[in-house]
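K.L.:
Structure provided below as structure tokens; questions to follow.
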Amino acid sequence: MSTNTAYDRFWEGRKLWGNLVNAVRNLTRGIWIIIQEREAADREEKKAVIRLVVAFAIAMKLHLRRDSINEELLSLMSVSEYSKLQDTNHPPLEITFWIGEYLQHQYDCQSIDVYQLNALQKLLDELVNILGGCERISKTPMPLSYAIYLRQLVVLYCLTLPVELVSGLTWWTTPVMVFISFFLFGIEEIGSELENPFGHNPNDLPLDVICHTMLRNTEDIIAVNTNSDRFSKKDSKFRP
């Protein structure tokens with residue numbers, strides 16, 4: 001039961017981070033395509049904001065691991081924003097405020113309409129919902145009394161089982177009990193290891209790899225589309 005519960009937590013965490021990847025991709029793509037650019041500075045501001053979307057994912061990783069804000073985020077935001085994050089109690093949530101303010105400002109400037117604003121805000125809300133789901137896993141550990149009871153039950157079982165086996169197995173009782181004990185305590189230990197899937201251990205979720213994937217996807221969007229005027233060319237495939 002303990003192992004099944006722990007694996008459910010692990011798998012739920014993996015599904016949440018999979019949803020985060022999709023939400024980040026959709027939000028960055030939406031910001032880049034939907035929001036109109038009237039000046040050259042608008043594109044630079046847009047780049048900064050979609051990098052903030054990736055910064056949210058990295059800040060969320062650090063938050064779940066209870067790590068301090070570090071230089072992973074410095075390349076994704078301004079120095080002043082980085083300093084603000086170091087002084088806030090909830091860095092990923094603070095980043096969503098910045099992104100939300102940007103979207104609202106674009107609506108006020110009539111760079112997007114109300115329907116586009118709602119669509120982008122919905123994606124931003126999805127980021128916050130995923131954050132909350134991960135926090136629920138991270139901040140709700142397995143009850144200590146439950147874990148202690150299961151361990152005591154396994155110990156009691158391993159102490160009483162030889163009494164039943166010795167009459168039939170004779171001297172084979174010892175190696176058989178070693179194998180059974182190793183098996184049972186191994187299962188119990190697996191449950192303990194999977195309880196928090198957001199840590200630094202090799203068997204935890206590969207959050208560093210997932211964050212790097214999101215960063216690479218975002219930088220690809222910027223690199224491919226920066227200085228691209230293919231939609232304005234006369235041979236564009238989108239022009240009738």
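Each chain in the structure tokens gets a letter, A, B and so on, in the order shown; residues start at 1 in every chain, and ligands are counted from 1 in the order they appear.
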Go through stretch 25-80 of chain A residue by residue and, counting only C-alpha atoms, keep those with an atom at most 8 Å from stretch 193-211 of chain A; for each kept residue give the shortest atom pair and its distance in Å to one decimal, ordered by chain and increasing number, as JSON lines.
P.N.:
{"residue": "A:Val54", "atom": "CA", "partner": "A:Cys211", "partner_atom": "CA", "distance": 7.5}
{"residue": "A:Ala57", "atom": "CA", "partner": "A:Cys211", "partner_atom": "CA", "distance": 6.5}
{"residue": "A:Ile58", "atom": "CA", "partner": "A:Cys211", "partner_atom": "CA", "distance": 6.2}
{"residue": "A:Lys61", "atom": "CA", "partner": "A:Leu207", "partner_atom": "CA", "distance": 6.7}
{"residue": "A:Leu64", "atom": "CA", "partner": "A:Phe198", "partner_atom": "CA", "distance": 6.4}
{"residue": "A:Arg65", "atom": "CA", "partner": "A:Gly199", "partner_atom": "CA", "distance": 5.6}
K.L.:
Extract, using only C-alpha atoms, all DNA, RNA and protein residues at most 9 Å from A:Glu71, discarding same-chain residues fewer than 3 positions from it, and format them as a PyMOL selection string.
P.N.:
chain A and resi 74-75+82
K.L.:
How would the residues just picked look written out with N, CA, C and O atoms as a short mmCIF file (atom, residue, chain, number, x, y, z; two decimals), in the first residue's frame?
P.N.:
data_model
loop_
_atom_site.label_atom_id
_atom_site.label_comp_id
_atom_site.auth_asym_id
_atom_site.auth_seq_id
_atom_site.Cartn_x
_atom_site.Cartn_y
_atom_site.Cartn_z
N LEU A 74 19.30 34.08 -13.71
CA LEU A 74 19.88 35.38 -14.00
C LEU A 74 19.88 35.69 -15.49
O LEU A 74 19.66 36.83 -15.89
N SER A 75 20.08 34.66 -16.32
CA SER A 75 20.12 34.89 -17.77
C SER A 75 18.73 35.03 -18.38
O SER A 75 18.62 35.35 -19.57
N TYR A 82 15.80 39.90 -10.93
CA TYR A 82 16.50 38.85 -10.19
C TYR A 82 16.66 39.24 -8.72
O TYR A 82 16.47 38.40 -7.82
#
K.L.:
Identify which of the residues A:Thr174, A:Glu135, A:Ala119, A:Glu164 lies closest to A:Arg66, counting only C-alpha atoms when measuring atom-to-atom distances.
P.N.:
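For A:Arg66, the nearest of the candidates is A:Glu135.
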K.L.:
Would you work out the distance separating atom CA of A:Ser181 from atom CA of A:Thr160, expressed in Å to one decimal?
P.N.:
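Taking atom CA of A:Ser181 and atom CA of A:Thr160, their separation equals 11.7 Å.
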K.L.:
Contacts of A:Leu159 at 12 Å or less, counting only C-alpha atoms, minus same-chain residues fewer than 6 places along, as a PyMOL selection string?
P.N.:
chain A and resi 152-153+165+174+177-178+180-181
K.L.:
Using only C-alpha atoms, which residues sit within 9 Å of stretch 36-44 of chain A once same-chain residues fewer than 3 positions away are excluded, as a VMD selection string?
P.N.:
chain A and resid 32 to 33 47 to 49 106 110 to 112 226
K.L.:
Measuring between only C-alpha atoms, which one of A:Ile137, A:Ile99, A:Leu27, A:Leu76 shows the shortest distance to A:Asp8?
P.N.:
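Of A:Ile137, A:Ile99, A:Leu27, A:Leu76, the one nearest A:Asp8, counting only C-alpha atoms, is A:Ile137.
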K.L.:
Quick one: residues within 12 Å of A:Gln104, only C-alpha atoms, excluding same-chain residues fewer than 6 positions away - as a list in words?
P.N.:
Ile35, Phe97, Trp98, Gln110, Ser111, Ile112, Asp113, Val114, Gln116, Leu117, Asn118, Leu120 and Gln121 of chain A
K.L.:
Within 12 Å of A:His90, counting only C-alpha atoms, which residues qualify if same-chain residues fewer than 6 places away don't, as a PDB file with C-alpha atoms, in the first residue's frame?
P.N.:
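Output saved as result.pdb:
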ATOM      1  CA  PHE A  56       8.713  30.381 -13.950  1.00  0.00           C
ATOM      2  CA  ALA A  59      11.801  28.962 -10.195  1.00  0.00           C
ATOM      3  CA  MET A  60       9.121  26.332  -9.592  1.00  0.00           C
ATOM      4  CA  LYS A  61      11.777  23.606  -9.647  1.00  0.00           C
ATOM      5  CA  LEU A  62      13.879  25.491  -7.095  1.00  0.00           C
ATOM      6  CA  HIS A  63      10.797  26.202  -4.989  1.00  0.00           C
ATOM      7  CA  LEU A  64       9.770  22.534  -4.856  1.00  0.00           C
ATOM      8  CA  ARG A  66      13.495  24.266  -1.343  1.00  0.00           C
ATOM      9  CA  ASP A  67      16.604  25.637  -3.038  1.00  0.00           C
ATOM     10  CA  SER A  68      17.539  29.307  -3.058  1.00  0.00           C
ATOM     11  CA  ILE A  69      17.260  31.459  -6.154  1.00  0.00           C
ATOM     12  CA  LYS A  84      13.335  41.162  -6.429  1.00  0.00           C
ATOM     13  CA  THR A  96       3.305  34.966 -12.892  1.00  0.00           C
ATOM     14  CA  PHE A  97       2.362  38.428 -11.588  1.00  0.00           C
ATOM     15  CA  VAL A 128      -0.442  28.447 -11.359  1.00  0.00           C
ATOM     16  CA  LEU A 131       2.301  24.850  -9.337  1.00  0.00           C
ATOM     17  CA  GLY A 132      -0.423  24.281  -6.752  1.00  0.00           C
ATOM     18  CA  GLU A 135       3.003  21.969  -3.896  1.00  0.00           C
TER      19      GLU A 135
END
K.L.:
Which residue, A:Ile222, A:Leu215, A:Ala23, A:Ala55, has the smallest gap to A:Asp125 when you use only C-alpha atoms?
P.N.:
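Looking at the shortest contact to A:Asp125, the residue is A:Ala23.
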